[in-house]
>>> print(open('my_file_30.cif').read())   # mmCIF, C-alpha atoms and all ligand atoms
data_input
loop_
_atom_site.label_atom_id
_atom_site.label_comp_id
_atom_site.auth_asym_id
_atom_site.auth_seq_id
_atom_site.Cartn_x
_atom_site.Cartn_y
_atom_site.Cartn_z
CA MET N 511 -110.40 -55.74 -22.81
CA LEU N 512 -113.85 -57.01 -23.68
CA LYS N 513 -113.24 -60.17 -21.68
CA THR N 514 -112.24 -58.17 -18.63
CA LEU N 515 -115.28 -55.97 -18.95
CA THR N 516 -117.48 -59.00 -19.39
CA SER N 517 -116.21 -60.89 -16.40
CA ARG N 518 -116.45 -57.77 -14.29
CA LEU N 519 -120.05 -57.21 -15.29
CA PHE N 520 -121.17 -60.80 -15.27
CA GLY N 521 -118.79 -62.16 -12.64
CA GLY N 522 -117.34 -64.77 -14.98
CA SER N 523 -120.69 -66.50 -15.41
CA CYS N 524 -122.86 -67.13 -18.44
CA PHE N 525 -125.45 -64.39 -18.94
CA LEU N 526 -128.16 -66.97 -19.50
CA CYS N 527 -127.45 -70.00 -17.30
CA ARG N 528 -124.91 -68.53 -14.84
CA GLY N 529 -122.56 -71.40 -15.55
CA GLY N 530 -118.86 -70.52 -15.47
CA THR N 531 -117.39 -68.96 -18.62
CA GLN N 532 -115.00 -66.22 -19.64
CA HIS N 533 -117.43 -65.12 -22.33
CA ILE N 534 -120.89 -63.58 -22.35
CA LEU N 535 -122.44 -67.00 -22.97
CA CYS N 536 -121.09 -70.44 -22.12
CA ASP N 537 -120.45 -72.75 -25.08
CA ARG N 538 -123.71 -74.58 -24.53
CA CYS N 539 -125.91 -71.46 -24.49
CA ASN N 540 -123.97 -70.08 -27.43
CA ALA N 541 -124.71 -73.29 -29.37
CA ASP N 542 -128.39 -72.93 -28.41
CA LEU N 543 -128.74 -69.55 -30.11
CA PRO N 544 -131.29 -69.81 -32.92
CA ARG N 545 -128.89 -68.96 -35.74
CA LEU N 546 -130.75 -68.57 -39.02
CA PRO N 547 -130.16 -71.08 -41.82
CA PRO N 548 -128.30 -69.88 -44.93
CA GLN N 549 -131.36 -70.24 -47.19
CA LEU N 550 -132.98 -66.87 -46.72
CA CYS N 551 -134.52 -64.36 -49.08
CA PRO N 552 -131.67 -61.91 -49.75
CA ARG N 553 -134.10 -59.03 -49.69
CA CYS N 554 -136.01 -59.62 -46.46
CA ALA N 555 -134.16 -62.47 -44.68
CA LEU N 556 -137.19 -64.73 -44.34
CA ALA N 557 -136.78 -68.44 -45.05
CA SER N 558 -136.82 -69.11 -48.77
CA PRO N 559 -135.99 -72.31 -50.69
CA GLU N 560 -132.47 -72.18 -52.12
CA GLY N 561 -132.11 -68.62 -50.90
CA ALA N 562 -134.15 -67.15 -53.77
CA THR N 563 -136.06 -63.88 -53.52
CA CYS N 564 -139.30 -64.78 -51.73
CA GLY N 565 -142.81 -64.46 -53.13
CA ARG N 566 -143.63 -61.63 -50.77
CA CYS N 567 -140.72 -59.52 -52.04
CA LEU N 568 -141.50 -60.42 -55.66
CA ALA N 569 -145.14 -59.42 -55.23
CA ARG N 570 -144.27 -56.16 -53.56
CA ALA N 571 -140.65 -55.11 -53.63
CA PRO N 572 -139.54 -53.43 -50.42
CA GLN N 573 -137.71 -50.11 -50.51
CA PHE N 574 -134.57 -51.66 -49.04
CA ASP N 575 -132.28 -53.70 -51.27
CA ALA N 576 -131.12 -56.43 -48.92
CA THR N 577 -131.40 -57.71 -45.36
CA VAL N 578 -128.92 -59.63 -43.27
CA ALA N 579 -130.16 -61.15 -40.01
CA ALA N 580 -128.19 -63.22 -37.53
CA LEU N 581 -130.76 -64.95 -35.35
CA GLY N 582 -134.36 -66.05 -35.24
CA TYR N 583 -136.36 -64.21 -32.60
CA ALA N 584 -136.77 -67.21 -30.34
CA PHE N 585 -135.34 -68.24 -26.98
CA PRO N 586 -132.68 -67.44 -25.96
CA ALA N 587 -132.16 -64.68 -28.56
CA ASP N 588 -135.33 -62.94 -27.40
CA ALA N 589 -134.04 -62.93 -23.81
CA LEU N 590 -130.79 -61.28 -24.92
CA VAL N 591 -132.57 -58.65 -27.00
CA HIS N 592 -134.94 -57.96 -24.13
CA ALA N 593 -132.07 -57.55 -21.67
CA LEU N 594 -130.28 -55.15 -24.01
CA LYS N 595 -133.40 -53.19 -24.86
CA PHE N 596 -135.21 -52.91 -21.57
CA ARG N 597 -132.75 -53.73 -18.82
CA GLY N 598 -129.77 -51.71 -19.92
CA ASP N 599 -127.43 -54.69 -20.23
CA LEU N 600 -125.27 -52.77 -22.68
CA ALA N 601 -122.33 -55.13 -22.26
CA LEU N 602 -124.31 -57.55 -24.44
CA ALA N 603 -124.09 -55.19 -27.41
CA PRO N 604 -120.53 -56.02 -28.60
CA PHE N 605 -121.34 -59.73 -28.40
CA LEU N 606 -124.58 -59.30 -30.36
CA GLY N 607 -122.87 -56.99 -32.85
CA ALA N 608 -120.21 -59.67 -33.42
CA LEU N 609 -122.90 -62.28 -34.16
CA LEU N 610 -124.28 -59.99 -36.82
CA LEU N 611 -120.83 -59.19 -38.18
CA GLU N 612 -120.23 -62.93 -38.74
CA ARG N 613 -123.28 -63.02 -40.98
CA LEU N 614 -122.39 -60.11 -43.21
CA PRO N 615 -121.49 -61.08 -46.75
CA ALA N 616 -118.02 -60.60 -48.20
CA LEU N 617 -119.32 -57.53 -50.02
CA ARG N 618 -120.15 -55.47 -47.01
CA GLU N 619 -118.73 -52.09 -47.88
CA VAL N 620 -121.04 -49.25 -47.02
CA ASP N 621 -120.56 -45.50 -46.88
CA CYS N 622 -122.21 -45.20 -43.51
CA VAL N 623 -124.04 -47.12 -40.80
CA ILE N 624 -127.31 -45.69 -39.49
CA PRO N 625 -128.98 -47.21 -36.42
CA VAL N 626 -132.79 -46.97 -36.45
CA PRO N 627 -133.35 -43.79 -34.43
CA LEU N 628 -135.57 -43.46 -31.41
CA SER N 629 -137.62 -40.33 -30.94
CA ARG N 630 -136.14 -37.69 -28.65
CA ARG N 631 -138.65 -38.66 -26.02
CA GLY N 632 -137.92 -42.37 -26.44
CA LEU N 633 -134.21 -41.71 -26.08
CA ARG N 634 -134.78 -39.58 -23.00
CA GLU N 635 -136.91 -42.25 -21.38
CA ARG N 636 -134.58 -45.17 -22.11
CA GLY N 637 -131.33 -43.26 -21.87
CA TYR N 638 -129.78 -45.15 -24.79
CA ASN N 639 -130.73 -46.61 -28.14
CA GLN N 640 -130.14 -50.36 -28.39
CA ALA N 641 -129.76 -50.11 -32.18
CA VAL N 642 -126.88 -47.66 -31.68
CA GLU N 643 -125.23 -50.05 -29.25
CA ILE N 644 -125.44 -52.93 -31.76
CA ALA N 645 -124.28 -50.70 -34.63
CA ARG N 646 -121.27 -49.29 -32.79
CA PRO N 647 -119.02 -52.40 -32.89
CA LEU N 648 -120.15 -53.14 -36.47
CA ALA N 649 -119.20 -49.70 -37.72
CA ALA N 650 -115.88 -49.89 -35.86
CA ALA N 651 -115.04 -53.33 -37.29
CA LEU N 652 -115.88 -52.19 -40.82
CA ARG N 653 -114.28 -48.78 -40.36
CA ALA N 654 -117.48 -47.17 -41.62
CA PRO N 655 -118.79 -43.92 -40.16
CA LEU N 656 -121.56 -44.38 -37.61
CA GLU N 657 -124.10 -41.67 -38.38
CA LEU N 658 -126.17 -40.84 -35.33
CA ALA N 659 -127.65 -37.53 -36.42
CA LEU N 660 -128.25 -38.04 -40.13
CA CYS N 661 -131.61 -39.77 -39.76
CA GLU N 662 -134.09 -38.62 -37.17
CA ARG N 663 -137.38 -39.90 -35.89
CA VAL N 664 -139.45 -36.76 -36.29
CA ARG N 665 -142.73 -38.15 -35.12
CA ASP N 666 -143.37 -40.11 -31.97
CA THR N 667 -145.07 -43.31 -32.96
CA ALA N 668 -146.76 -46.03 -30.96
CA ALA N 669 -144.39 -48.95 -30.35
CA GLN N 670 -144.73 -51.24 -33.37
CA SER N 671 -144.82 -54.25 -31.06
CA GLU N 672 -148.02 -52.95 -29.49
CA LEU N 673 -149.89 -52.67 -32.78
CA PRO N 674 -151.61 -55.28 -34.94
CA TRP N 675 -149.56 -56.23 -37.99
CA SER N 676 -151.93 -54.46 -40.34
CA GLU N 677 -151.47 -51.08 -38.67
CA ARG N 678 -147.69 -51.02 -38.46
CA GLU N 679 -147.09 -49.61 -41.91
CA ARG N 680 -149.35 -46.63 -41.36
CA ASN N 681 -147.94 -46.05 -37.89
CA VAL N 682 -144.42 -45.29 -39.17
CA ARG N 683 -145.33 -43.38 -42.33
CA GLY N 684 -143.56 -40.02 -42.36
CA ALA N 685 -141.92 -40.82 -39.02
CA PHE N 686 -138.34 -40.26 -40.23
CA ALA N 687 -136.38 -37.44 -41.78
CA VAL N 688 -132.89 -37.31 -43.24
CA LYS N 689 -130.68 -34.28 -42.78
CA GLY N 690 -128.64 -33.52 -45.80
CA PRO N 691 -128.28 -35.17 -49.20
CA LEU N 692 -127.01 -38.73 -49.47
CA GLY N 693 -125.92 -38.50 -53.11
CA GLY N 694 -125.38 -42.09 -54.26
CA ALA N 695 -124.47 -43.44 -50.82
CA LYS N 696 -124.60 -47.09 -49.84
CA VAL N 697 -126.18 -47.16 -46.41
CA ALA N 698 -126.55 -49.90 -43.81
CA VAL N 699 -129.45 -49.52 -41.40
CA VAL N 700 -129.09 -51.39 -38.11
CA ASP N 701 -131.86 -52.57 -35.80
CA ASP N 702 -132.33 -55.14 -33.07
CA VAL N 703 -135.46 -56.90 -34.33
CA MET N 704 -137.19 -56.95 -37.71
CA THR N 705 -140.77 -58.18 -37.81
CA THR N 706 -143.03 -56.80 -40.52
CA GLY N 707 -140.18 -54.69 -41.85
CA ALA N 708 -142.48 -51.63 -41.95
CA THR N 709 -140.07 -49.43 -39.99
CA LEU N 710 -137.07 -50.43 -42.10
CA ASP N 711 -139.09 -49.99 -45.30
CA GLU N 712 -140.08 -46.48 -44.29
CA ILE N 713 -136.49 -45.59 -43.38
CA ALA N 714 -135.21 -46.99 -46.68
CA ALA N 715 -137.79 -44.94 -48.58
CA THR N 716 -136.74 -41.83 -46.68
CA LEU N 717 -133.02 -42.47 -47.30
CA LYS N 718 -133.65 -43.07 -50.99
CA ARG N 719 -135.64 -39.87 -51.35
CA ALA N 720 -132.55 -38.16 -49.92
CA GLY N 721 -130.45 -39.75 -52.66
CA ALA N 722 -129.14 -43.01 -51.17
CA GLU N 723 -128.37 -45.48 -53.93
CA ARG N 724 -128.51 -48.67 -51.91
CA VAL N 725 -129.97 -49.43 -48.50
CA VAL N 726 -129.26 -52.68 -46.70
CA ASN N 727 -130.67 -53.76 -43.35
CA TRP N 728 -128.47 -55.39 -40.76
CA VAL N 729 -130.69 -56.76 -38.02
CA LEU N 730 -129.82 -58.91 -35.09
CA ALA N 731 -133.02 -60.95 -34.95
CA ARG N 732 -135.68 -61.72 -37.53
CA THR N 733 -139.18 -62.79 -36.71
CA ALA N 734 -141.63 -63.86 -39.38
CA PRO N 735 -144.92 -62.00 -39.80
CA PRO N 736 -148.00 -64.21 -40.37
CA ASP N 737 -148.98 -64.93 -43.98
ZN ZN R 1 -124.91 -70.77 -20.36
ZN ZN R 2 -138.24 -61.61 -49.20
#
>>> encode(input="my_file_30.cif", output="structure tokens", more="lines below")
Ligand SMILES: [Zn+2]
Ligand SMILES: [Zn+2]
Amino acid sequence: MLKTLTSRLFGGSCFLCRGGTQHILCDRCNADLPRLPPQLCPRCALASPEGATCGRCLARAPQFDATVAALGYAFPADALVHALKFRGDLALAPFLGALLLERLPALREVDCVIPVPLSRRGLRERGYNQAVEIARPLAAALRAPLELALCERVRDTAAQSELPWSERERNVRGAFAVKGPLGGAKVAVVDDVMTTGATLDEIAATLKRAGAERVVNWVLARTAPPD
């Protein structure tokens, strides 16, 4: 079904190079994806020798408990994220979701999957939320409920990508609200790109205040903030 949809939307050609393929990407472009190495900090998914918790997380523990990321935010991953996020190429979402699914650890059971919410205005302007589109196939594959209304963005914030690193934390403070108690739940929060982690940290703090026991981030692409 997915194959049919894909070839109908992309005319049987690779999304990136337009070479012939029955998949979203041809084998060559697929091999070019900047998949992250296995040695990552389990908490924040930045490179870390032997996969130990990194110095940054030791110095200041984030509110989330773990992060799984599939790709580095470099070409051509950035082009795919951009197409999904700004050009409405929603047919990319199942493919990107599958890349992330491959990376999830054996212990992946969660009580619910929460995509990072957009504000009402953001959703109205874009018409869809790319995090929801990535989360949808993940939740389906794991048979976990996809919660679209449990966590809300209650304050419109400036786009994190338009702010200097140092201002991102303050920008998202108090931006989210959780409806209803989460008594002891294990929650996965899904987003397209993680950079400073400020948004995910704020969401994790909000979910934990509502009673979540464990919050893990599942992000498609990880980019490293400067030291
Ligand atoms: Zn290609
Ligand atoms: Zn870390």
>>> residues_near_ligand(input="my_file_30.cif", ligand="ligand ZN 2 (chain R)", cutoff="7 Å", atoms="only C-alpha atoms and all ligand atoms", output="ChimeraX atom specification")
/N:551-556,563-567
>>> residues_around(input="my_file_30.cif", residues="N:Thr716", least_positions_apart="5", cutoff="12 Å", atoms="all atoms listed in the file", output="PDB file with C-alpha atoms, in the coordinates of the input")
ATOM      1  CA  GLN N 573    -137.710 -50.110 -50.510  1.00  0.00           C
ATOM      2  CA  PHE N 574    -134.570 -51.660 -49.040  1.00  0.00           C
ATOM      3  CA  LEU N 660    -128.250 -38.040 -40.130  1.00  0.00           C
ATOM      4  CA  CYS N 661    -131.610 -39.770 -39.760  1.00  0.00           C
ATOM      5  CA  GLU N 662    -134.090 -38.620 -37.170  1.00  0.00           C
ATOM      6  CA  ARG N 663    -137.380 -39.900 -35.890  1.00  0.00           C
ATOM      7  CA  VAL N 664    -139.450 -36.760 -36.290  1.00  0.00           C
ATOM      8  CA  VAL N 682    -144.420 -45.290 -39.170  1.00  0.00           C
ATOM      9  CA  ARG N 683    -145.330 -43.380 -42.330  1.00  0.00           C
ATOM     10  CA  GLY N 684    -143.560 -40.020 -42.360  1.00  0.00           C
ATOM     11  CA  ALA N 685    -141.920 -40.820 -39.020  1.00  0.00           C
ATOM     12  CA  PHE N 686    -138.340 -40.260 -40.230  1.00  0.00           C
ATOM     13  CA  ALA N 687    -136.380 -37.440 -41.780  1.00  0.00           C
ATOM     14  CA  VAL N 688    -132.890 -37.310 -43.240  1.00  0.00           C
ATOM     15  CA  LYS N 689    -130.680 -34.280 -42.780  1.00  0.00           C
ATOM     16  CA  GLY N 690    -128.640 -33.520 -45.800  1.00  0.00           C
ATOM     17  CA  PRO N 691    -128.280 -35.170 -49.200  1.00  0.00           C
ATOM     18  CA  LEU N 692    -127.010 -38.730 -49.470  1.00  0.00           C
ATOM     19  CA  VAL N 697    -126.180 -47.160 -46.410  1.00  0.00           C
ATOM     20  CA  VAL N 699    -129.450 -49.520 -41.400  1.00  0.00           C
ATOM     21  CA  THR N 709    -140.070 -49.430 -39.990  1.00  0.00           C
ATOM     22  CA  LEU N 710    -137.070 -50.430 -42.100  1.00  0.00           C
ATOM     23  CA  ASP N 711    -139.090 -49.990 -45.300  1.00  0.00           C
ATOM     24  CA  GLY N 721    -130.450 -39.750 -52.660  1.00  0.00           C
ATOM     25  CA  ALA N 722    -129.140 -43.010 -51.170  1.00  0.00           C
ATOM     26  CA  GLU N 723    -128.370 -45.480 -53.930  1.00  0.00           C
ATOM     27  CA  ARG N 724    -128.510 -48.670 -51.910  1.00  0.00           C
ATOM     28  CA  VAL N 725    -129.970 -49.430 -48.500  1.00  0.00           C
TER      29      VAL N 725
END
>>> residues_near_ligand(input="my_file_30.cif", ligand="ligand ZN 1 (chain R)", cutoff="12 Å", atoms="only C-alpha atoms and all ligand atoms", output="list in words")
Phe520, Gly522, Ser523, Cys524, Phe525, Leu526, Cys527, Arg528, Gly529, Gly530, Thr531, Gln532, His533, Ile534, Leu535, Cys536, Asp537, Arg538, Cys539, Asn540, Ala541, Asp542, Leu543 and Pro586 of chain N
>>> closest_residue(input="my_file_30.cif", among="N:Pro627, N:Ala734, N:Gln640, N:Thr705", to="N:Phe596", atoms="all atoms listed in the file")
N:Gln640
>>> atom_distance(input="my_file_30.cif", atom1="atom CA of N:Ala714", atom2="atom CA of N:Ala650")
22.3 Å
